[in-house]
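Colleague: Got a file for you: work.cif, mmCIF, C-alpha atoms.
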```cif
data_input
#
loop_
_atom_site.group_PDB
_atom_site.id
_atom_site.type_symbol
_atom_site.label_atom_id
_atom_site.label_comp_id
_atom_site.auth_asym_id
_atom_site.auth_seq_id
_atom_site.Cartn_x
_atom_site.Cartn_y
_atom_site.Cartn_z
ATOM 1 C CA MET R 116 12.131 61.398 9.867
ATOM 2 C CA GLU R 117 15.261 60.149 8.167
ATOM 3 C CA PHE R 118 16.662 61.155 4.778
ATOM 4 C CA ARG R 119 17.985 57.981 3.180
ATOM 5 C CA ASP R 120 20.447 57.327 0.380
ATOM 6 C CA ASP R 121 17.816 55.477 -1.691
ATOM 7 C CA GLY R 122 15.922 58.703 -2.466
ATOM 8 C CA THR R 123 13.264 58.276 0.201
ATOM 9 C CA VAL R 124 12.270 59.920 3.461
ATOM 10 C CA ALA R 125 11.219 57.477 6.167
ATOM 11 C CA GLY R 126 10.066 57.749 9.740
ATOM 12 C CA ASP R 127 6.829 57.885 11.689
ATOM 13 C CA TYR R 128 4.085 60.444 12.168
ATOM 14 C CA GLY R 129 4.335 59.915 15.898
ATOM 15 C CA CYS R 130 3.321 56.270 15.882
ATOM 16 C CA THR R 131 2.499 55.101 12.339
ATOM 17 C CA SER R 132 5.497 54.490 10.092
ATOM 18 C CA PHE R 133 5.834 56.064 6.654
ATOM 19 C CA ARG R 134 8.233 56.015 3.722
ATOM 20 C CA MET R 135 7.926 58.301 0.694
ATOM 21 C CA LYS R 136 9.899 59.083 -2.408
ATOM 22 C CA ALA R 137 11.695 62.409 -2.039
ATOM 23 C CA GLU R 138 13.542 64.919 -4.201
ATOM 24 C CA LEU R 139 15.915 67.175 -2.307
ATOM 25 C CA GLU R 140 17.219 70.322 -3.993
ATOM 26 C CA ALA R 141 19.079 73.365 -2.710
ATOM 27 C CA ALA R 142 16.194 74.819 -0.702
ATOM 28 C CA THR R 143 13.184 72.601 -1.428
ATOM 29 C CA LEU R 144 11.985 69.129 -0.495
ATOM 30 C CA THR R 145 9.371 67.477 -2.695
ATOM 31 C CA LEU R 146 7.717 64.393 -1.249
ATOM 32 C CA GLY R 147 6.204 61.924 -3.685
ATOM 33 C CA GLU R 148 4.210 58.721 -3.514
ATOM 34 C CA ASP R 149 4.257 56.343 -0.587
ATOM 35 C CA VAL R 150 6.450 53.274 -0.903
ATOM 36 C CA PRO R 151 6.525 50.165 1.313
ATOM 37 C CA VAL R 152 8.027 50.672 4.755
ATOM 38 C CA LEU R 153 11.312 48.803 5.031
ATOM 39 C CA PRO R 154 11.088 45.835 7.412
ATOM 40 C CA ALA R 155 13.441 45.603 10.340
ATOM 41 C CA PRO R 156 16.459 43.303 9.927
ATOM 42 C CA SER R 157 15.696 39.753 11.012
ATOM 43 C CA ALA R 158 18.302 40.039 13.777
ATOM 44 C CA THR R 159 16.198 42.671 15.554
ATOM 45 C CA PRO R 160 14.367 40.978 18.442
ATOM 46 C CA ALA R 161 11.268 43.186 18.259
ATOM 47 C CA PRO R 162 8.804 41.928 15.602
ATOM 48 C CA PRO R 163 8.033 44.313 12.706
ATOM 49 C CA GLU R 164 4.596 45.218 14.028
ATOM 50 C CA LYS R 165 6.198 46.658 17.167
ATOM 51 C CA ILE R 166 8.277 48.984 14.993
ATOM 52 C CA ALA R 167 5.470 49.954 12.638
ATOM 53 C CA SER R 168 2.756 50.711 15.165
ATOM 54 C CA CYS R 169 2.248 51.922 18.705
ATOM 55 C CA PRO R 170 2.216 49.292 21.443
ATOM 56 C CA THR R 171 -1.183 47.902 22.355
ATOM 57 C CA PRO R 172 -2.003 47.421 26.041
ATOM 58 C CA GLN R 173 -1.101 43.718 25.741
ATOM 59 C CA MET R 174 2.215 44.496 24.014
ATOM 60 C CA GLN R 175 2.975 47.023 26.732
ATOM 61 C CA GLN R 176 2.176 44.466 29.397
ATOM 62 C CA ASN R 177 4.548 41.976 27.773
ATOM 63 C CA ASP R 178 7.327 44.516 27.285
ATOM 64 C CA ILE R 179 7.381 46.269 30.643
ATOM 65 C CA ALA R 180 9.090 43.942 33.084
ATOM 66 C CA SER R 181 10.654 45.064 36.316
ATOM 67 C CA SER R 182 12.386 48.406 35.901
ATOM 68 C CA THR R 183 16.042 48.646 34.997
ATOM 69 C CA GLY R 184 16.995 49.686 38.512
ATOM 70 C CA PRO R 185 17.522 46.809 40.940
ATOM 71 C CA ASP R 186 14.948 48.151 43.423
ATOM 72 C CA ALA R 187 12.260 49.326 40.999
ATOM 73 C CA GLN R 188 8.737 47.919 41.021
ATOM 74 C CA LYS R 189 6.790 46.420 38.147
ATOM 75 C CA PRO R 190 3.840 48.577 36.972
ATOM 76 C CA LYS R 191 0.340 47.167 37.145
ATOM 77 C CA ALA R 192 -1.070 45.897 33.858
ATOM 78 C CA GLU R 193 -4.431 47.587 34.446
ATOM 79 C CA ASP R 194 -2.704 50.990 34.437
ATOM 80 C CA LEU R 195 -1.592 50.591 30.827
ATOM 81 C CA GLY R 196 -3.713 52.364 28.229
ATOM 82 C CA PRO R 197 -3.882 52.540 24.416
ATOM 83 C CA ARG R 198 -2.583 55.387 22.308
ATOM 84 C CA SER R 199 -4.030 58.696 23.492
ATOM 85 C CA PRO R 200 -6.389 60.929 21.464
ATOM 86 C CA GLU R 201 -3.694 63.625 21.628
ATOM 87 C CA LEU R 202 -1.243 61.365 19.784
ATOM 88 C CA LYS R 203 -3.839 60.463 17.147
ATOM 89 C CA ASP R 204 -4.529 64.165 16.580
ATOM 90 C CA PHE R 205 -0.800 64.924 16.378
ATOM 91 C CA GLU R 206 -0.294 62.162 13.790
ATOM 92 C CA ALA R 207 -3.105 63.547 11.636
ATOM 93 C CA LYS R 208 -1.566 67.033 11.709
ATOM 94 C CA VAL R 209 1.909 65.783 10.778
ATOM 95 C CA LYS R 210 0.574 63.652 7.912
ATOM 96 C CA LYS R 211 -1.463 66.586 6.591
ATOM 97 C CA PHE R 212 1.607 68.841 6.795
ATOM 98 C CA PHE R 213 3.693 66.487 4.647
ATOM 99 C CA HIS R 214 0.977 66.106 2.011
ATOM 100 C CA ARG R 215 0.249 69.770 1.342
ATOM 101 C CA GLY R 216 2.654 70.388 -1.510
ATOM 102 C CA GLN R 217 6.336 71.213 -1.896
ATOM 103 C CA LEU R 218 8.282 72.021 1.266
ATOM 104 C CA LYS R 219 10.706 74.914 1.474
ATOM 105 C CA ILE R 220 13.806 74.443 3.614
ATOM 106 C CA THR R 221 14.498 77.402 5.890
ATOM 107 C CA GLU R 222 16.065 77.874 9.304
ATOM 108 C CA LYS R 223 14.993 79.029 12.734
ATOM 109 C CA LYS R 224 17.455 81.299 14.501
ATOM 110 C CA LEU R 225 17.862 80.372 18.150
ATOM 111 C CA LYS R 226 17.905 82.992 20.889
ATOM 112 C CA GLN R 227 21.207 84.170 22.302
ATOM 113 C CA GLN R 228 21.740 83.054 25.901
ATOM 114 C CA ALA R 229 23.508 85.519 28.162
ATOM 115 C CA GLY R 230 27.191 84.638 28.289
ATOM 116 C CA GLY R 231 26.640 81.620 26.055
ATOM 117 C CA PRO R 232 28.127 80.597 22.694
ATOM 118 C CA PRO R 233 26.657 81.747 19.369
ATOM 119 C CA PRO R 234 23.103 80.386 19.319
ATOM 120 C CA GLY R 235 23.086 78.771 15.884
ATOM 121 C CA SER R 236 19.879 77.626 14.184
ATOM 122 C CA LEU R 237 17.594 74.670 13.513
ATOM 123 C CA PRO R 238 16.299 73.538 10.094
ATOM 124 C CA GLN R 239 12.650 74.170 9.286
ATOM 125 C CA LEU R 240 10.243 72.885 6.655
ATOM 126 C CA ARG R 241 7.494 75.218 5.402
ATOM 127 C CA ASN R 242 4.652 74.052 3.150
ATOM 128 C CA GLU R 243 2.728 76.090 0.596
ATOM 129 C CA HIS R 244 -0.010 76.884 3.135
ATOM 130 C CA GLY R 245 2.345 78.537 5.610
ATOM 131 C CA ASP R 246 2.571 75.625 8.057
ATOM 132 C CA VAL R 247 6.031 75.269 9.612
ATOM 133 C CA ALA R 248 7.819 72.317 11.225
ATOM 134 C CA THR R 249 11.072 72.785 13.144
ATOM 135 C CA LEU R 250 13.483 69.848 13.108
ATOM 136 C CA THR R 251 16.099 68.754 15.636
ATOM 137 C CA ILE R 252 18.851 66.185 15.196
ATOM 138 C CA VAL R 253 18.126 62.850 16.866
ATOM 139 C CA ARG R 254 21.506 61.213 16.389
ATOM 140 C CA SER R 255 24.761 63.072 16.016
ATOM 141 C CA PRO R 256 27.574 61.241 14.168
ATOM 142 C CA ASP R 257 29.635 61.860 17.324
ATOM 143 C CA ILE R 258 27.780 58.972 18.982
ATOM 144 C CA PHE R 259 30.103 56.636 17.088
ATOM 145 C CA ASP R 260 33.289 58.410 18.154
ATOM 146 C CA THR R 261 32.669 58.743 21.890
ATOM 147 C CA LYS R 262 33.100 56.480 24.913
ATOM 148 C CA PHE R 263 30.045 56.692 27.188
ATOM 149 C CA ARG R 264 29.308 55.573 30.719
ATOM 150 C CA LEU R 265 25.908 54.411 31.913
ATOM 151 C CA ASP R 266 25.231 57.330 34.212
ATOM 152 C CA GLY R 267 21.760 56.520 35.515
ATOM 153 C CA TRP R 268 18.409 54.755 35.411
ATOM 154 C CA GLU R 269 15.285 56.658 34.438
ATOM 155 C CA VAL R 270 12.271 55.202 36.215
ATOM 156 C CA TYR R 271 8.925 56.778 35.275
ATOM 157 C CA ASP R 272 9.097 60.385 36.515
ATOM 158 C CA SER R 273 12.318 60.024 38.532
ATOM 159 C CA SER R 274 15.914 58.962 38.022
ATOM 160 C CA ASP R 275 18.638 57.220 39.977
ATOM 161 C CA ASN R 276 22.401 57.148 39.522
ATOM 162 C CA VAL R 277 24.275 53.967 38.659
ATOM 163 C CA LYS R 278 26.559 53.568 41.646
ATOM 164 C CA SER R 279 29.400 51.952 39.702
ATOM 165 C CA ALA R 280 29.026 54.212 36.641
ATOM 166 C CA LYS R 281 32.772 54.941 36.531
ATOM 167 C CA ASP R 282 33.364 51.230 35.850
ATOM 168 C CA THR R 283 30.988 51.062 32.886
ATOM 169 C CA SER R 284 31.746 51.920 29.277
ATOM 170 C CA PHE R 285 29.736 51.824 26.050
ATOM 171 C CA GLU R 286 31.254 52.388 22.599
ATOM 172 C CA PHE R 287 28.820 52.397 19.668
ATOM 173 C CA HIS R 288 30.389 51.340 16.373
ATOM 174 C CA ARG R 289 29.258 52.091 12.843
ATOM 175 C CA ASP R 290 29.029 48.372 12.017
ATOM 176 C CA GLY R 291 26.004 48.006 14.312
ATOM 177 C CA THR R 292 27.761 46.723 17.417
ATOM 178 C CA VAL R 293 28.419 48.120 20.880
ATOM 179 C CA THR R 294 31.281 47.023 23.123
ATOM 180 C CA GLY R 295 32.449 48.004 26.562
ATOM 181 C CA LYS R 296 32.150 47.116 30.226
ATOM 182 C CA LEU R 297 29.077 46.672 32.431
ATOM 183 C CA GLY R 298 30.660 47.399 35.803
ATOM 184 C CA CYS R 299 32.860 44.357 36.050
ATOM 185 C CA ASN R 300 32.979 42.302 32.866
ATOM 186 C CA ASP R 301 33.456 43.203 29.228
ATOM 187 C CA PHE R 302 30.466 42.774 26.923
ATOM 188 C CA THR R 303 29.353 42.975 23.339
ATOM 189 C CA ALA R 304 25.919 43.498 21.784
ATOM 190 C CA LYS R 305 24.325 44.310 18.468
ATOM 191 C CA VAL R 306 22.402 47.547 18.052
ATOM 192 C CA PHE R 307 19.852 48.513 15.442
ATOM 193 C CA PHE R 308 19.077 52.205 14.923
ATOM 194 C CA ASN R 309 15.707 52.842 13.260
ATOM 195 C CA GLY R 310 14.845 56.527 13.016
ATOM 196 C CA SER R 311 14.342 57.737 16.580
ATOM 197 C CA HIS R 312 14.369 54.196 17.990
ATOM 198 C CA VAL R 313 17.156 51.832 18.993
ATOM 199 C CA PHE R 314 17.255 48.159 19.978
ATOM 200 C CA PHE R 315 19.936 46.145 21.761
ATOM 201 C CA HIS R 316 20.112 42.426 21.056
ATOM 202 C CA ASP R 317 22.427 39.429 21.461
ATOM 203 C CA THR R 318 24.013 40.992 24.550
ATOM 204 C CA GLN R 319 26.798 38.751 25.866
ATOM 205 C CA LEU R 320 29.541 38.947 28.469
ATOM 206 C CA THR R 321 32.947 38.259 26.979
ATOM 207 C CA THR R 322 34.805 37.921 30.301
ATOM 208 C CA HIS R 323 33.836 36.250 33.579
ATOM 209 C CA ARG R 324 35.517 38.168 36.378
ATOM 210 C CA THR R 325 34.294 38.648 39.943
ATOM 211 C CA CYS R 326 34.289 42.186 41.333
ATOM 212 C CA ALA R 327 33.006 44.149 44.318
ATOM 213 C CA ALA R 328 29.424 43.373 45.348
ATOM 214 C CA GLN R 329 28.054 46.746 44.162
ATOM 215 C CA ASN R 330 29.656 46.341 40.746
ATOM 216 C CA MET R 331 28.248 42.831 40.372
ATOM 217 C CA GLU R 332 24.780 44.036 41.399
ATOM 218 C CA ASP R 333 24.841 46.887 38.903
ATOM 219 C CA GLU R 334 26.191 44.656 36.171
ATOM 220 C CA ALA R 335 23.393 42.131 36.647
ATOM 221 C CA ALA R 336 20.791 44.922 36.459
ATOM 222 C CA ILE R 337 22.349 46.404 33.305
ATOM 223 C CA LEU R 338 22.550 42.990 31.664
ATOM 224 C CA ARG R 339 18.878 42.337 32.404
ATOM 225 C CA ALA R 340 17.934 45.696 30.915
ATOM 226 C CA LEU R 341 19.865 45.091 27.698
ATOM 227 C CA LYS R 342 18.598 41.522 27.296
ATOM 228 C CA ARG R 343 14.992 42.718 27.521
ATOM 229 C CA SER R 344 15.530 44.160 24.004
ATOM 230 C CA LEU R 345 12.941 46.899 24.438
ATOM 231 C CA ASN R 346 11.956 49.494 21.885
ATOM 232 C CA TYR R 347 13.849 52.573 23.106
ATOM 233 C CA ARG R 348 13.100 56.036 21.785
ATOM 234 C CA TYR R 349 16.369 57.925 22.047
ATOM 235 C CA ALA R 350 18.239 61.156 21.379
ATOM 236 C CA GLY R 351 21.885 61.943 21.827
ATOM 237 C CA GLY R 352 25.185 63.351 20.681
ATOM 238 C CA SER R 353 28.806 63.492 21.765
ATOM 239 C CA GLU R 354 28.039 64.388 25.405
ATOM 240 C CA TRP R 355 24.952 62.370 26.357
ATOM 241 C CA ILE R 356 22.346 59.827 25.230
ATOM 242 C CA HIS R 357 18.867 59.405 26.728
ATOM 243 C CA MET R 358 16.803 56.273 26.008
ATOM 244 C CA ARG R 359 13.202 55.730 27.109
ATOM 245 C CA ASP R 360 10.963 52.682 26.627
ATOM 246 C CA ASP R 361 8.447 53.508 23.906
ATOM 247 C CA VAL R 362 5.379 52.347 25.825
ATOM 248 C CA GLY R 363 2.961 55.128 24.871
ATOM 249 C CA SER R 364 3.289 57.156 28.076
ATOM 250 C CA GLU R 365 6.288 59.027 29.444
ATOM 251 C CA TYR R 366 4.868 58.555 32.937
ATOM 252 C CA ARG R 367 5.221 54.763 32.678
ATOM 253 C CA ALA R 368 8.495 54.629 30.791
ATOM 254 C CA THR R 369 11.837 53.454 32.107
ATOM 255 C CA GLY R 370 15.132 54.163 30.477
ATOM 256 C CA LEU R 371 18.891 54.547 30.418
ATOM 257 C CA ARG R 372 20.973 57.715 30.720
ATOM 258 C CA PHE R 373 24.467 57.767 29.219
ATOM 259 C CA ARG R 374 27.091 60.476 29.609
ATOM 260 C CA SER R 375 30.403 60.962 27.872
ATOM 261 C CA ALA R 376 33.252 59.413 29.865
ATOM 262 C CA THR R 377 35.189 62.671 29.544
ATOM 263 C CA ASP R 378 32.397 64.526 31.425
ATOM 264 C CA GLN R 379 32.727 62.466 34.591
#
```
Could you write out this file's structure as structure tokens?

Modeller:
Amino acid sequence: MEFRDDGTVAGDYGCTSFRMKAELEAATLTLGEDVPVLPAPSATPAPPEKIASCPTPQMQQNDIASSTGPDAQKPKAEDLGPRSPELKDFEAKVKKFFHRGQLKITEKKLKQQAGGPPPGSLPQLRNEHGDVATLTIVRSPDIFDTKFRLDGWEVYDSSDNVKSAKDTSFEFHRDGTVTGKLGCNDFTAKVFFNGSHVFFHDTQLTTHRTCAAQNMEDEAAILRALKRSLNYRYAGGSEWIHMRDDVGSEYRATGLRFRSATDQ
């Protein structure tokens, strides 16, 4: 869910998008009537229905090409299934939670870890029936002030390092662009953040150098991944970003793992 400047709260219940009028006061959130879900900008390669609803088996089949890693295998189409009953049940619970009256804003104190920093807290929403939802931050503003490296591929239930990670760089800018280096050549792309999802599109190399064979191999694989323009569900901050294809099952998803350049 995302609190927007136009006085609405928008997001998805787990799969189905929503947008509601909202009044935010010191310690209460009052959600009002539903309003139309904002369409994605026309520049976004994924059609609106892919943003507003879960992928169907056919959409999944079209979206999941060979994995981002150069040696990964393509999944079989017959293995792809529709949205699970568990997700449908979760959506119903979340929707019911939001529509059961005014929400009080509280906080959940985190446990102290031995030898660790002060634990802090997470925001919570509590409705009039005693139901509680704990929130975590999807995107930290630090994403736009940090240089990242593409640290690894995530392929289904395993991961693999990018061999030429030290020669990659990604800088996300507040104007909706990302610039950097893919292992050999400089590149630019447009990015569209939508709640907990992100899309890359119009990825282009801006230089045409020749580098070591491993760098060129990695660069070609990264470029293919970005040009696929998949619907990535992501989370991240100043130290890392994880992106996973939103294909309805974590066991079939592929993704990208970024780490701050200062951490490597």

Colleague: Given only C-alpha atoms as the basis, pick out the residue of R:Ser274, R:Ser132, R:Arg254, R:Phe213 nearest to R:Phe308.

Modeller: R:Arg254

Colleague: Between atom CA of R:Ile337 and atom CA of R:Gly352, what distance in Å does the model show, to one decimal?

Modeller: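 According to the coordinates, atom CA of R:Ile337 and atom CA of R:Gly352 are separated by 21.3 Å.
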
Colleague: Show me the residues around (-2.8, 56.0, 13.6) - criterion: an atom at most 7 Å away, all atoms listed in the file counted - as a ChimeraX atom specification.

Modeller: /R:130-131,203,206

Colleague: Rounded to one decimal, what separation in Å do you get between atom CA of R:Ile258 and atom CA of R:Ser353?

Modeller: 5.4 Å

Colleague: Go through R:Met358, R:Met331, R:Ala229, R:Leu146 and flag the residue nearest R:Gly298, using all atoms listed in the file for the distances.

Modeller: R:Met331

Colleague: Please indicate the distance in Å from atom CA of R:Asn330 to atom CA of R:Thr261, rounded to one decimal place.

Modeller: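 Interatomic distance, atom CA of R:Asn330 to atom CA of R:Thr261: 22.8 Å.
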
Colleague: Counting all atoms listed in the file, figure out which residue out of R:Ile220, R:Val270, R:Leu297, R:Ala335 gets nearest to R:Thr143.

Modeller: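 Among the listed residues, the smallest separation from R:Thr143 belongs to R:Ile220.
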
Colleague: Nearest to R:Phe263: which of R:Gln239, R:Thr123, R:Gln228, R:Thr283 is it, counting only C-alpha atoms?

Modeller: R:Thr283

Colleague: Taking all atoms listed in the file into account, which of R:Phe302, R:Arg264, R:Thr318, R:His312 comes nearest R:Gly129?

Modeller: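 Of all the options, R:His312 lies closest to R:Gly129.
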
Colleague: Tell me which of R:Ala142, R:Leu237, R:Thr303, R:Thr321 sits closest to R:Leu218, counting all atoms listed in the file.

Modeller: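 Under the stated criterion, the closest residue is R:Ala142.
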
Colleague: Can you sort out the box for stretch 325-333 of chain R, edges along x, y and z, all listed atoms in, 4 Å on every side, with centre and edge lengths in Å to one decimal, as lines of an AutoDock Vina configuration file?

Modeller:
```
center_x = 29.5
center_y = 42.8
center_z = 42.1
size_x = 17.5
size_y = 16.2
size_z = 14.4
```

Colleague: Apply the PyMOL selection byres ((chain R and resi 356) around 7) to the file shown and report the selected residues as a VMD selection string.

Modeller: chain R and resid 350 to 352 355 357 to 358 372 to 374

Colleague: Could you dump the residues just selected with C-alpha atoms as a PDB file, in the coordinates of the input?

Modeller:
```
ATOM      1  CA  ALA R 350      18.239  61.156  21.379  1.00  0.00           C
ATOM      2  CA  GLY R 351      21.885  61.943  21.827  1.00  0.00           C
ATOM      3  CA  GLY R 352      25.185  63.351  20.681  1.00  0.00           C
ATOM      4  CA  TRP R 355      24.952  62.370  26.357  1.00  0.00           C
ATOM      5  CA  HIS R 357      18.867  59.405  26.728  1.00  0.00           C
ATOM      6  CA  MET R 358      16.803  56.273  26.008  1.00  0.00           C
ATOM      7  CA  ARG R 372      20.973  57.715  30.720  1.00  0.00           C
ATOM      8  CA  PHE R 373      24.467  57.767  29.219  1.00  0.00           C
ATOM      9  CA  ARG R 374      27.091  60.476  29.609  1.00  0.00           C
TER      10      ARG R 374
END
```

Colleague: Excluding R:Lys342 and its own-chain neighbours fewer than 2 positions away, which residues fall within 7 Å of it when counting only C-alpha atoms? Please give them as an MDAnalysis selection string.

Modeller: chainID R and resid 316 318 338:340 344

Colleague: Residues within 12 Å of R:Val247, please, as a ChimeraX atom specification. Count all atoms listed in the file; anything in the same chain fewer than 3 positions from it doesn't count.

Modeller: /R:208-209,211-213,215,218-223,238-244,250

Colleague: Expanded to explicit residues, what is the PyMOL selection byres ((chain R and resi 134-138) around 10) for this file, as a ChimeraX atom specification?

Modeller: /R:116-119,121-127,132-133,139-140,143-153,217

Colleague: Any chance you could resolve the PyMOL selection byres ((chain R and resi 291) around 10) against this file and give the residues as a tab-separated table (two decimals) with C-alpha atoms, in the coordinates of the input?

Modeller:
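See expr_31.tsv below for the written result:
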```tsv
chain	number	residue	atom	x	y	z
R	259	PHE	CA	30.10	56.64	17.09
R	287	PHE	CA	28.82	52.40	19.67
R	288	HIS	CA	30.39	51.34	16.37
R	289	ARG	CA	29.26	52.09	12.84
R	290	ASP	CA	29.03	48.37	12.02
R	292	THR	CA	27.76	46.72	17.42
R	293	VAL	CA	28.42	48.12	20.88
R	304	ALA	CA	25.92	43.50	21.78
R	305	LYS	CA	24.32	44.31	18.47
R	306	VAL	CA	22.40	47.55	18.05
R	307	PHE	CA	19.85	48.51	15.44
R	308	PHE	CA	19.08	52.20	14.92
R	315	PHE	CA	19.94	46.14	21.76
```

Colleague: When you look at R:Ser273 with a cut-off of 10 Å (counting all atoms listed in the file), what residues show up, excluding the ones that are within fewer than 3 positions of it in the same chain? I need them as a list in words.

Modeller: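 So the residues in contact are Trp268, Glu269, Val270, Tyr366 and Thr369 of chain R.
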
Colleague: Is it possible to add N, CA, C and O atoms to stretch 258-271 of chain R and hand it back as an mmCIF file, in the frame of the given file?

Modeller:
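Result file follows (result23.cif):
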```
data_model
loop_
_atom_site.group_PDB
_atom_site.id
_atom_site.type_symbol
_atom_site.label_atom_id
_atom_site.label_comp_id
_atom_site.auth_asym_id
_atom_site.auth_seq_id
_atom_site.Cartn_x
_atom_site.Cartn_y
_atom_site.Cartn_z
ATOM 1 N N ILE R 258 28.112 60.148 18.178
ATOM 2 C CA ILE R 258 27.780 58.972 18.982
ATOM 3 C C ILE R 258 28.768 57.845 18.712
ATOM 4 O O ILE R 258 29.136 57.082 19.614
ATOM 5 N N PHE R 259 29.231 57.745 17.472
ATOM 6 C CA PHE R 259 30.103 56.636 17.088
ATOM 7 C C PHE R 259 31.582 56.925 17.350
ATOM 8 O O PHE R 259 32.430 56.106 17.044
ATOM 9 N N ASP R 260 31.892 58.063 17.894
ATOM 10 C CA ASP R 260 33.289 58.410 18.154
ATOM 11 C C ASP R 260 33.529 58.738 19.621
ATOM 12 O O ASP R 260 34.530 59.349 19.962
ATOM 13 N N THR R 261 32.615 58.342 20.491
ATOM 14 C CA THR R 261 32.669 58.743 21.890
ATOM 15 C C THR R 261 32.525 57.532 22.804
ATOM 16 O O THR R 261 31.713 56.645 22.527
ATOM 17 N N LYS R 262 33.281 57.502 23.887
ATOM 18 C CA LYS R 262 33.100 56.480 24.913
ATOM 19 C C LYS R 262 32.139 57.028 25.961
ATOM 20 O O LYS R 262 32.347 58.112 26.507
ATOM 21 N N PHE R 263 31.063 56.276 26.226
ATOM 22 C CA PHE R 263 30.045 56.692 27.188
ATOM 23 C C PHE R 263 30.099 55.808 28.430
ATOM 24 O O PHE R 263 30.600 54.686 28.397
ATOM 25 N N ARG R 264 29.556 56.340 29.511
ATOM 26 C CA ARG R 264 29.308 55.573 30.719
ATOM 27 C C ARG R 264 27.813 55.566 30.980
ATOM 28 O O ARG R 264 27.125 56.549 30.698
ATOM 29 N N LEU R 265 27.309 54.460 31.536
ATOM 30 C CA LEU R 265 25.908 54.411 31.913
ATOM 31 C C LEU R 265 25.756 55.180 33.211
ATOM 32 O O LEU R 265 26.094 54.699 34.293
ATOM 33 N N ASP R 266 25.240 56.384 33.102
ATOM 34 C CA ASP R 266 25.231 57.330 34.212
ATOM 35 C C ASP R 266 24.057 57.116 35.158
ATOM 36 O O ASP R 266 24.151 57.386 36.352
ATOM 37 N N GLY R 267 22.910 56.652 34.627
ATOM 38 C CA GLY R 267 21.760 56.520 35.515
ATOM 39 C C GLY R 267 20.598 55.776 34.906
ATOM 40 O O GLY R 267 20.522 55.557 33.695
ATOM 41 N N TRP R 268 19.676 55.357 35.802
ATOM 42 C CA TRP R 268 18.409 54.755 35.411
ATOM 43 C C TRP R 268 17.352 55.850 35.381
ATOM 44 O O TRP R 268 17.337 56.720 36.235
ATOM 45 N N GLU R 269 16.448 55.795 34.434
ATOM 46 C CA GLU R 269 15.285 56.658 34.438
ATOM 47 C C GLU R 269 14.070 55.773 34.687
ATOM 48 O O GLU R 269 13.781 54.862 33.917
ATOM 49 N N VAL R 270 13.396 56.037 35.789
ATOM 50 C CA VAL R 270 12.271 55.202 36.215
ATOM 51 C C VAL R 270 11.033 56.074 36.328
ATOM 52 O O VAL R 270 10.884 56.847 37.280
ATOM 53 N N TYR R 271 10.139 55.993 35.303
ATOM 54 C CA TYR R 271 8.925 56.778 35.275
ATOM 55 C C TYR R 271 9.261 58.266 35.373
ATOM 56 O O TYR R 271 9.953 58.796 34.508
#
```
